[in-house]
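Participant: Input: one structure, supplied below.
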Amino acid sequence: MALRGILGSLARIQCKIGQTCIIQRNISPNVISLNNSVLLAATKGFHTSLACKNEHIISIQDEEDFNKRVLENSTPVVVDFFATWCGPCKLLGPRLESLVAGKNGKVILAKIDIDEMTDLAVNHGVEAVPTVIGMKNGKVIEKFVGLKDDAALQSFIDKLIS
């Protein structure tokens, strides 16, 4: 994906599938529209790693949203506590998104920005980012802090699904 140009609050990006995307920053800094579908940016502002909207990759908005979409979910959930300023988070996020997207709904990725959801991060023992928690039926199954290689991430997700 190559940034084609910035015009005020809009930018055009040439997408892999050959369609033109328009970043509508006045709507939300994390949302990009692609005709009638949506792409989500991994962090605020412009970011080169974009993931096509996937119903299995969600952004948590508040504690009530977390309770409903994570704790009450019967599908296993990988919870990614990240910060937009965190370099390792920017590396880990797209890798988690890719692995979860490849599981075709067997697992959900819930992304939580610790700067926007500080209380939720503190309540779940987040002391450093990235922190990733694997949850099943509202219970913590496994947790790690920092970067992991792809094999370790795959193992983490597979353990959560089994």
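All residue names refer to the structure tokens as shown: chains lettered A, B, ... in order, residues numbered from 1 in each chain, ligands numbered from 1 in order.
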Which residues are near A:Asp113? Cut-off 10 Å, only C-alpha atoms, ignore same chain within fewer than 4 positions. Put them as a VMD selection string.
Facilitator: chain A and resid 43 59 to 61 80 to 84 117 to 118 120 to 121 129 to 130
Participant: Put those residues in a file: N, CA and C atoms, as a PDB file, in the first residue's frame.
Facilitator:
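Output file result-v2.pdb is given in full below:
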```
ATOM      1  N   THR A  43      -3.127   2.023  14.273  1.00  0.00           N
ATOM      2  CA  THR A  43      -2.899   3.068  15.262  1.00  0.00           C
ATOM      3  C   THR A  43      -3.505   4.365  14.767  1.00  0.00           C
ATOM      4  N   SER A  59     -12.226  -3.314  18.327  1.00  0.00           N
ATOM      5  CA  SER A  59     -11.635  -2.292  19.192  1.00  0.00           C
ATOM      6  C   SER A  59     -12.597  -2.066  20.344  1.00  0.00           C
ATOM      7  N   ILE A  60     -12.118  -2.218  21.551  1.00  0.00           N
ATOM      8  CA  ILE A  60     -12.951  -2.044  22.737  1.00  0.00           C
ATOM      9  C   ILE A  60     -13.090  -0.557  23.036  1.00  0.00           C
ATOM     10  N   GLN A  61     -14.327  -0.121  23.243  1.00  0.00           N
ATOM     11  CA  GLN A  61     -14.616   1.300  23.432  1.00  0.00           C
ATOM     12  C   GLN A  61     -14.715   1.731  24.891  1.00  0.00           C
ATOM     13  N   ASP A  80      -5.379  -7.584  23.243  1.00  0.00           N
ATOM     14  CA  ASP A  80      -4.124  -6.879  22.984  1.00  0.00           C
ATOM     15  C   ASP A  80      -4.180  -5.494  23.604  1.00  0.00           C
ATOM     16  N   PHE A  81      -3.496  -5.329  24.747  1.00  0.00           N
ATOM     17  CA  PHE A  81      -3.360  -4.014  25.369  1.00  0.00           C
ATOM     18  C   PHE A  81      -2.149  -3.349  24.724  1.00  0.00           C
ATOM     19  N   PHE A  82      -2.372  -2.208  24.056  1.00  0.00           N
ATOM     20  CA  PHE A  82      -1.314  -1.544  23.300  1.00  0.00           C
ATOM     21  C   PHE A  82      -1.348  -0.044  23.545  1.00  0.00           C
ATOM     22  N   ALA A  83      -0.340   0.644  23.047  1.00  0.00           N
ATOM     23  CA  ALA A  83      -0.302   2.101  23.046  1.00  0.00           C
ATOM     24  C   ALA A  83       0.160   2.552  21.664  1.00  0.00           C
ATOM     25  N   THR A  84      -0.395   3.656  21.190  1.00  0.00           N
ATOM     26  CA  THR A  84      -0.065   4.127  19.847  1.00  0.00           C
ATOM     27  C   THR A  84       1.389   4.573  19.734  1.00  0.00           C
ATOM     28  N   MET A 117      -8.096   3.735  27.691  1.00  0.00           N
ATOM     29  CA  MET A 117      -8.797   2.845  28.613  1.00  0.00           C
ATOM     30  C   MET A 117      -7.888   2.488  29.797  1.00  0.00           C
ATOM     31  N   THR A 118      -7.381   3.479  30.469  1.00  0.00           N
ATOM     32  CA  THR A 118      -6.417   3.283  31.550  1.00  0.00           C
ATOM     33  C   THR A 118      -6.962   2.405  32.665  1.00  0.00           C
ATOM     34  N   LEU A 120      -9.276   0.110  32.644  1.00  0.00           N
ATOM     35  CA  LEU A 120      -9.400  -1.278  32.204  1.00  0.00           C
ATOM     36  C   LEU A 120      -8.030  -1.960  32.181  1.00  0.00           C
ATOM     37  N   ALA A 121      -7.019  -1.243  31.729  1.00  0.00           N
ATOM     38  CA  ALA A 121      -5.657  -1.787  31.712  1.00  0.00           C
ATOM     39  C   ALA A 121      -5.171  -2.069  33.139  1.00  0.00           C
ATOM     40  N   VAL A 129       3.520  -2.454  27.980  1.00  0.00           N
ATOM     41  CA  VAL A 129       2.894  -2.786  26.699  1.00  0.00           C
ATOM     42  C   VAL A 129       3.961  -3.226  25.708  1.00  0.00           C
ATOM     43  N   PRO A 130       3.614  -4.107  24.807  1.00  0.00           N
ATOM     44  CA  PRO A 130       2.311  -4.741  24.688  1.00  0.00           C
ATOM     45  C   PRO A 130       2.112  -5.849  25.729  1.00  0.00           C
TER      46      PRO A 130
END
```
Participant: Skip A:Leu91 itself and residues of its chain fewer than 3 positions away, then list as a ChimeraX atom specification all residues within 10 Å of it, counting only C-alpha atoms.
Facilitator: /A:49,86-88,94-96,130,147
Participant: Which residue is closest to A:Glu142? Choose from A:Lys103, A:Val78, A:Arg69, A:Ile108 and count only C-alpha atoms.
Facilitator: A:Val78
Participant: From a DSSP pass on the backbone, collect the residues of stretch 35-152 of chain A flagged as alpha helix (DSSP H) and hand them back as a ChimeraX atom specification.
Facilitator: /A:63-66,87-101,118-123,150-152
Participant: Print the selection's residues with N, CA, C and O atoms to a file, as a short mmCIF file (atom, residue, chain, number, x, y, z; two decimals), in the first residue's frame.
Facilitator:
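Saved to result22.cif:
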```cif
data_model
loop_
_atom_site.label_atom_id
_atom_site.label_comp_id
_atom_site.auth_asym_id
_atom_site.auth_seq_id
_atom_site.Cartn_x
_atom_site.Cartn_y
_atom_site.Cartn_z
N GLU A 63 -15.65 0.00 29.28
CA GLU A 63 -15.71 -1.19 30.12
C GLU A 63 -16.95 -2.04 29.84
O GLU A 63 -16.89 -3.27 29.84
N GLU A 64 -18.05 -1.39 29.57
CA GLU A 64 -19.28 -2.13 29.24
C GLU A 64 -19.08 -2.94 27.94
O GLU A 64 -19.49 -4.10 27.85
N ASP A 65 -18.43 -2.32 26.97
CA ASP A 65 -18.12 -2.98 25.71
C ASP A 65 -17.20 -4.18 25.96
O ASP A 65 -17.38 -5.25 25.39
N PHE A 66 -16.21 -4.00 26.84
CA PHE A 66 -15.28 -5.08 27.19
C PHE A 66 -16.04 -6.25 27.83
O PHE A 66 -15.84 -7.41 27.46
N GLY A 87 6.58 1.24 20.08
CA GLY A 87 7.18 0.59 18.92
C GLY A 87 6.90 -0.91 18.85
O GLY A 87 6.46 -1.40 17.81
N PRO A 88 7.15 -1.67 19.92
CA PRO A 88 6.85 -3.11 19.87
C PRO A 88 5.37 -3.39 19.61
O PRO A 88 5.04 -4.38 18.95
N CYS A 89 4.47 -2.52 20.09
CA CYS A 89 3.04 -2.71 19.84
C CYS A 89 2.73 -2.60 18.35
O CYS A 89 1.90 -3.33 17.81
N LYS A 90 3.42 -1.67 17.68
CA LYS A 90 3.21 -1.47 16.25
C LYS A 90 3.70 -2.68 15.45
O LYS A 90 3.20 -2.94 14.35
N LEU A 91 4.65 -3.41 15.98
CA LEU A 91 5.13 -4.62 15.33
C LEU A 91 4.23 -5.81 15.63
O LEU A 91 3.96 -6.64 14.76
N LEU A 92 3.79 -5.91 16.86
CA LEU A 92 2.99 -7.06 17.29
C LEU A 92 1.56 -7.03 16.76
O LEU A 92 1.03 -8.05 16.32
N GLY A 93 0.94 -5.86 16.79
CA GLY A 93 -0.47 -5.73 16.40
C GLY A 93 -0.82 -6.34 15.05
O GLY A 93 -1.71 -7.19 14.96
N PRO A 94 -0.13 -5.95 13.98
CA PRO A 94 -0.45 -6.53 12.66
C PRO A 94 -0.22 -8.04 12.59
O PRO A 94 -0.94 -8.74 11.88
N ARG A 95 0.76 -8.54 13.32
CA ARG A 95 1.02 -9.98 13.33
C ARG A 95 -0.12 -10.72 14.01
O ARG A 95 -0.57 -11.77 13.52
N LEU A 96 -0.61 -10.19 15.13
CA LEU A 96 -1.76 -10.80 15.80
C LEU A 96 -3.00 -10.75 14.90
O LEU A 96 -3.74 -11.72 14.80
N GLU A 97 -3.21 -9.59 14.24
CA GLU A 97 -4.36 -9.44 13.35
C GLU A 97 -4.32 -10.50 12.25
O GLU A 97 -5.34 -11.11 11.94
N SER A 98 -3.17 -10.69 11.67
CA SER A 98 -3.02 -11.66 10.59
C SER A 98 -3.30 -13.09 11.07
O SER A 98 -4.02 -13.85 10.41
N LEU A 99 -2.75 -13.46 12.22
CA LEU A 99 -2.96 -14.81 12.75
C LEU A 99 -4.42 -15.04 13.11
O LEU A 99 -4.97 -16.11 12.84
N VAL A 100 -5.06 -14.06 13.73
CA VAL A 100 -6.47 -14.20 14.12
C VAL A 100 -7.35 -14.26 12.87
O VAL A 100 -8.26 -15.09 12.80
N ALA A 101 -7.07 -13.44 11.89
CA ALA A 101 -7.85 -13.46 10.65
C ALA A 101 -7.76 -14.83 9.98
O ALA A 101 -8.74 -15.31 9.39
N THR A 118 -7.38 3.48 30.47
CA THR A 118 -6.42 3.28 31.55
C THR A 118 -6.96 2.40 32.67
O THR A 118 -6.27 1.49 33.13
N ASP A 119 -8.19 2.66 33.10
CA ASP A 119 -8.76 1.88 34.21
C ASP A 119 -8.87 0.40 33.86
O ASP A 119 -8.56 -0.46 34.68
N LEU A 120 -9.28 0.11 32.64
CA LEU A 120 -9.40 -1.28 32.20
C LEU A 120 -8.03 -1.96 32.18
O LEU A 120 -7.90 -3.10 32.62
N ALA A 121 -7.02 -1.24 31.73
CA ALA A 121 -5.66 -1.79 31.71
C ALA A 121 -5.17 -2.07 33.14
O ALA A 121 -4.62 -3.14 33.42
N VAL A 122 -5.38 -1.14 34.03
CA VAL A 122 -4.95 -1.31 35.43
C VAL A 122 -5.70 -2.47 36.07
O VAL A 122 -5.10 -3.30 36.76
N ASN A 123 -7.00 -2.57 35.81
CA ASN A 123 -7.81 -3.66 36.38
C ASN A 123 -7.36 -5.04 35.91
O ASN A 123 -7.63 -6.04 36.59
N ASP A 150 6.65 -15.51 15.61
CA ASP A 150 5.41 -16.02 15.02
C ASP A 150 5.04 -17.40 15.55
O ASP A 150 3.85 -17.69 15.76
N ALA A 151 6.02 -18.26 15.76
CA ALA A 151 5.74 -19.60 16.28
C ALA A 151 5.12 -19.53 17.68
O ALA A 151 4.18 -20.25 18.00
N ALA A 152 5.66 -18.65 18.52
CA ALA A 152 5.13 -18.50 19.88
C ALA A 152 3.72 -17.89 19.85
O ALA A 152 2.85 -18.30 20.63
#
```
Participant: Restricting the calculation to only C-alpha atoms: of A:Asp62, A:Asp115, A:Asn73, A:Leu160, which residue gets closest to A:Ala128?
Facilitator: A:Asp115
Participant: Select, from A:Phe156, A:Ile141, A:Asp149, A:Met135, the residue with the minimum atom-to-atom distance to A:Val70, counting only C-alpha atoms.
Facilitator: A:Met135
Participant: Fewer than 5 positions away in the same chain doesn't count, so skip those; otherwise give me all residues within 10 Å of A:Pro76, counting only C-alpha atoms, as number ranges by chain.
Facilitator: A: 70-71, 105-109, 134-139, 141, 157, 160-162
